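**Student:** First the structure, which I've put down as structure tokens, then a few questions once you've had a look.
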Amino acid sequence: MASGIKDKVVILGMGCSRFGERWSSGPDDLMLEAFGEALADAGIERDRIEAAWLGVFFDEQSTGKSPLPMSMALRLPNVPMTRVENLCATGTEALRGAVYAVAAGACDIALAMGVEKLKDTGFSGLPERTKGTFEDLYLPGSTAPGAFAQLASAYAARHGYSMPELKRAMAHISCKSHENATRNPKAHLRNRITEQQVLDAPAIAYPLGVLDCCGVSDGAACAIVTTPAIARSLGRRDLVSIQALQLAPSNGVEMGHQSWDGTHTLTTPIAAARAYAEAGIRDPRGEIDLIEVHDCFSITELVLMEDLGFSDLGKAPHDVMAGRYDRDGAIPCQIDGGLKCFGHPIGATGLRMAYEIYLQLLGRAGDRQLRGRSGRGPSIGLTHNLGGIPNRNVASVSILGLLAA
Amino acid sequence: MTQFGAILSHGAHVPMLRLQRATIAAATAWTRPPARGAVHGTRAICNWDEDALTMAVEASRTCLAGAAAAGTAAGVAEVDAIAFCSTTAPFADRDAAVLASAALNLPESVDTQNLGASLRAGTGALISALHRTDGARTLVIASDARLTLTGSPQEMSYGDGASAFLVGPADDTALATVLATRRIGSDFVDHYRMRNHDFDYALEERWVRDESLLQLVPQTTAALLAAAGCRPGDVRHFAVPAGAATAKRIAQACDCEEARRDERVLAECGDAGAALPLLLLEAALEAAVPGELILAVGIGQGVDALLLRAEAGVRASGGRLGRTLGRRRDEPSYVRYLSHRGLLRVDFGMRAERDQRTAQSVAFRKRDAITGFKGGRCSRCGTVQFPPARVCVNPECRATDTQAPYRLAESSGRVKTFTEDWQAYTARPPYVYGNIEFAEGGNLLMEVTDIAAGELQVDDAVRFVFRIKDDDRARGFRRYFWKATKP
């Protein structure tokens, strides 16, 4: 049995650009914004970085392929560099590359960058793209909201909720994230909304309305990682370590086999179980202080509470309505506003989630700082991405924690 | 008599969408002097994803399923030839009969023919098939979806539809045997449509009626009846493709005004071009009792005439036309109808700009899956799956190279999940799609067609139909796939 990644690598610095409709900024501007913050946080010279990973999803919309856009934007000194893409888990994939390189001893300090420039598409929502030369011959020309909306129709039918009941819980999720984002100056959407506004919003894909959907945003986020020893040698005392980095991709069961019932994501529980094992977490509900999950749509967040083990099967609507995942609840979810309101620049999202956990664990989250179970601040956080659509996806679950001195 | 083949089965497809002629009248009233009276009935219109080819496939499926049920053909493999007859085949140069044959899961050895350029294409092919003496079974399909100019009389009278007949050596399940056939050509230009022109150009109806229909049809039928040794008064069913008033005048001129003619096809579907005479013949067969004589006529630069005698098989083959006519949905929007036919440009947003290029090498490699809707069935665990794959999708199995082709087109499904997507591009929003679980197991994310917002529920039953998947407007190509629809 592999020993896993736990506590082998720590975060030396992180940065995150302001997310939003950054009409006057290109991918290079967004990357420099995040990188400048991370470099200052790490307190090192740019040339100490020995390897880098760039995550971009819609390369055809913005940067083009390869890691060269980052190499050129940051003028890094020809260090080894790779562009990665793993659907909406792209940012986490970049982090995985950097963390694994440091853990392997291949380099001492590595950079993980995620960026997405979506607002050059020309219309709202995500760009249209081919699903593959064969897939285009038989799959519907679905959109992301349409693909995820189906979770709701199936979930309501299976668990005996009326659609208005389920919609109300979904509305609570959106309102909570908007409320949290009012405390986040970097968030894309910072307005308060009411549940009634969510319910009355224009239809996007039944049963989702526009306020059930996350922001389509420009942004970048990055992490500089190293070993605990090097971090300490640089004078860092409080260290956030990587405790788990796990992935579970679909292998076609959801798309082709009857065993998947369409009410949840098949891959998330698999990735979560691996992550909990890697991090040594036995009771996620009792041990994890805050979570950042892939709330691309309100219904996604709702079913993820079950897939990650925080709510019992069929009970997430009750827990949501009871406030368990609110800012003052037992397990605050999307304390920074989440994809819903911080925004969802796809390649940056996984790193943005890590950025929030990192700030919270170090007590640097400003107006939105949580006190944690002990009252002395949170000590363990989880990030989750669901790349793709419920029918076929890549789930990632990462655990970050304060490294014991 | 025995030199002729017999009619072994038939099947009609009339699109579900129906445009009230009153809706057309209301939208186009400004183009004419005030109307004297109300207009009646509906015309069938293709949904955006239907054309002459998809209608032909659907009519053929009904026809072949009927044959299989009657025990005439144990399976579709017992079709030896296909004749696809249409003046509106979607491609000027791509074999529609071959494509239909593949969609119908017929072997590649089937003899395929495409006929068009005349409204007699269907009756002509039927006569040719009935004259075959080699024992072959021929599937004759006539299908038309003609464009009509806004405000024209054709816009009121035309409709879209398809009809299919299985013809072959007579057996005891035959619906009708043939007593005589006759074909006469006459370059009487009552209407025409040149290549690269969208609309028919039609001449004065009274001239057409008096100088052609009331002359040539009686001459042809008289000769036909004489050849068969029958009298006009023996004819019980008269399937003549003309409006009610003209049809009555023709029947009088033929001395068979006592014969019945079905008015549903013209009232509810409209004049379906090359398919109309065959649809009327289907109606006659469904109305006939064994032993009755049917006179069927095709008209178009001449006259085709067939004299048939209903046989015992008609007792078991009824109701097919009524079922497709009865599966109807009112199209309240004249503008949407124009949009579906490409007669009105609508802004569907930038998502509609998506490139629909087909990688033809992939389409050919995967033709059994895409056109034939064949998945795979694992010989080890029995799991049915689509698309077929080298390695079984069943997580408990995952065996390699164990799958045998398994056709899903005639299967049924259950709606596992669905959405009504207002953001995705479709010519008829919302785009309805969902995960469909096949009756045999297996799952596929599929478009649901012939549906409106609010109509689909989880656990609904669905069947599968062959439809237009996408139009590649940049390259002038159309691709097809199967969709789910409510039974």
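Chain identifiers are assigned as A, B, and so on, following the order in which chains appear in the structure tokens; residues are numbered from 1 within each chain, and ligands are numbered from 1 in order of appearance.
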What are the closest atom pairs, with distances in Å to one decimal, for each residue of region 94-156 of chain A lying within 6 Å of region 395-417 of chain B, using only C-alpha atoms, rows by chain and rising residue number, as JSON lines?
**Tutor:**
{"residue": "A:Gln150", "atom": "CA", "partner": "B:Thr417", "partner_atom": "CA", "distance": 5.2}
{"residue": "A:Ser153", "atom": "CA", "partner": "B:Thr417", "partner_atom": "CA", "distance": 5.9}
{"residue": "A:Ala154", "atom": "CA", "partner": "B:Thr417", "partner_atom": "CA", "distance": 5.0}
**Student:** Using only C-alpha atoms, find which residues of chain B lie within 6 Å of chain A and jot them down as a PyMOL selection string.
**Tutor:** chain B and resi 385+393+417-424+441-444+447
**Student:** May I have the selected residues written with N, CA and C atoms, as a PDB file, in the first residue's frame?
**Tutor:**
ATOM      1  N   GLN B 385     -25.720  -2.607 -24.132  1.00  0.00           N
ATOM      2  CA  GLN B 385     -25.092  -1.302 -23.963  1.00  0.00           C
ATOM      3  C   GLN B 385     -25.001  -0.555 -25.289  1.00  0.00           C
ATOM      4  N   VAL B 393     -19.377  -2.676 -20.414  1.00  0.00           N
ATOM      5  CA  VAL B 393     -19.545  -1.555 -19.490  1.00  0.00           C
ATOM      6  C   VAL B 393     -19.958  -2.013 -18.089  1.00  0.00           C
ATOM      7  N   THR B 417     -33.870  10.219 -16.228  1.00  0.00           N
ATOM      8  CA  THR B 417     -33.710  11.631 -15.868  1.00  0.00           C
ATOM      9  C   THR B 417     -34.076  12.437 -17.100  1.00  0.00           C
ATOM     10  N   PHE B 418     -34.398  13.706 -16.929  1.00  0.00           N
ATOM     11  CA  PHE B 418     -34.646  14.535 -18.120  1.00  0.00           C
ATOM     12  C   PHE B 418     -34.500  16.009 -17.739  1.00  0.00           C
ATOM     13  N   THR B 419     -34.375  16.826 -18.765  1.00  0.00           N
ATOM     14  CA  THR B 419     -34.458  18.268 -18.596  1.00  0.00           C
ATOM     15  C   THR B 419     -35.109  18.879 -19.827  1.00  0.00           C
ATOM     16  N   GLU B 420     -35.546  20.101 -19.659  1.00  0.00           N
ATOM     17  CA  GLU B 420     -36.020  20.911 -20.791  1.00  0.00           C
ATOM     18  C   GLU B 420     -35.055  22.081 -20.859  1.00  0.00           C
ATOM     19  N   ASP B 421     -34.151  22.032 -21.820  1.00  0.00           N
ATOM     20  CA  ASP B 421     -33.035  22.979 -21.870  1.00  0.00           C
ATOM     21  C   ASP B 421     -33.397  24.152 -22.783  1.00  0.00           C
ATOM     22  N   TRP B 422     -33.487  25.335 -22.180  1.00  0.00           N
ATOM     23  CA  TRP B 422     -33.829  26.544 -22.951  1.00  0.00           C
ATOM     24  C   TRP B 422     -32.591  27.239 -23.471  1.00  0.00           C
ATOM     25  N   GLN B 423     -31.404  26.742 -23.084  1.00  0.00           N
ATOM     26  CA  GLN B 423     -30.173  27.412 -23.474  1.00  0.00           C
ATOM     27  C   GLN B 423     -29.537  26.731 -24.679  1.00  0.00           C
ATOM     28  N   ALA B 424     -29.614  25.403 -24.730  1.00  0.00           N
ATOM     29  CA  ALA B 424     -29.012  24.662 -25.838  1.00  0.00           C
ATOM     30  C   ALA B 424     -29.741  25.001 -27.132  1.00  0.00           C
ATOM     31  N   GLY B 441     -32.021  -3.211 -20.261  1.00  0.00           N
ATOM     32  CA  GLY B 441     -30.883  -2.700 -19.510  1.00  0.00           C
ATOM     33  C   GLY B 441     -30.038  -1.851 -20.450  1.00  0.00           C
ATOM     34  N   GLY B 442     -29.071  -1.165 -19.893  1.00  0.00           N
ATOM     35  CA  GLY B 442     -28.297  -0.221 -20.698  1.00  0.00           C
ATOM     36  C   GLY B 442     -28.943   1.142 -20.630  1.00  0.00           C
ATOM     37  N   ASN B 443     -28.153   2.163 -20.857  1.00  0.00           N
ATOM     38  CA  ASN B 443     -28.578   3.538 -20.648  1.00  0.00           C
ATOM     39  C   ASN B 443     -27.973   4.411 -21.735  1.00  0.00           C
ATOM     40  N   LEU B 444     -28.735   5.400 -22.183  1.00  0.00           N
ATOM     41  CA  LEU B 444     -28.192   6.337 -23.167  1.00  0.00           C
ATOM     42  C   LEU B 444     -28.817   7.707 -22.955  1.00  0.00           C
ATOM     43  N   GLU B 447     -31.941  12.601 -27.004  1.00  0.00           N
ATOM     44  CA  GLU B 447     -32.924  13.643 -27.247  1.00  0.00           C
ATOM     45  C   GLU B 447     -34.316  13.021 -27.257  1.00  0.00           C
TER      46      GLU B 447
END
**Student:** Based on the backbone DSSP call, show me all residues of region 108-300 of chain A assigned strand (DSSP E), as a PyMOL selection string.
**Tutor:** chain A and resi 110-116+203-205+208-209+219-226+240-249+290-292
**Student:** Taking only C-alpha atoms into account, name the residue in A:Gly347, A:Gly381, A:Gly235, A:Pro390 that is nearest to Leu304 (chain A).
**Tutor:**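 Using only C-alpha atoms, the shortest distance to Leu304 (chain A) belongs to A:Pro390.
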**Student:** Expressed in Å to a single decimal, how great is the separation between CA of Val297 (chain B) and CA of Ala44 (chain B)?
**Tutor:**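 Separation of CA of Val297 (chain B) and CA of Ala44 (chain B): 22.0 Å.
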**Student:** Among region 31-119 of chain A, which residues does DSSP mark as helix (DSSP H, G or I) when it is run on the backbone? Keep the chain and numbering as in the structure and answer as a ChimeraX atom specification.
**Tutor:** /A:31-42,46-48,59-61,68-74,90-104
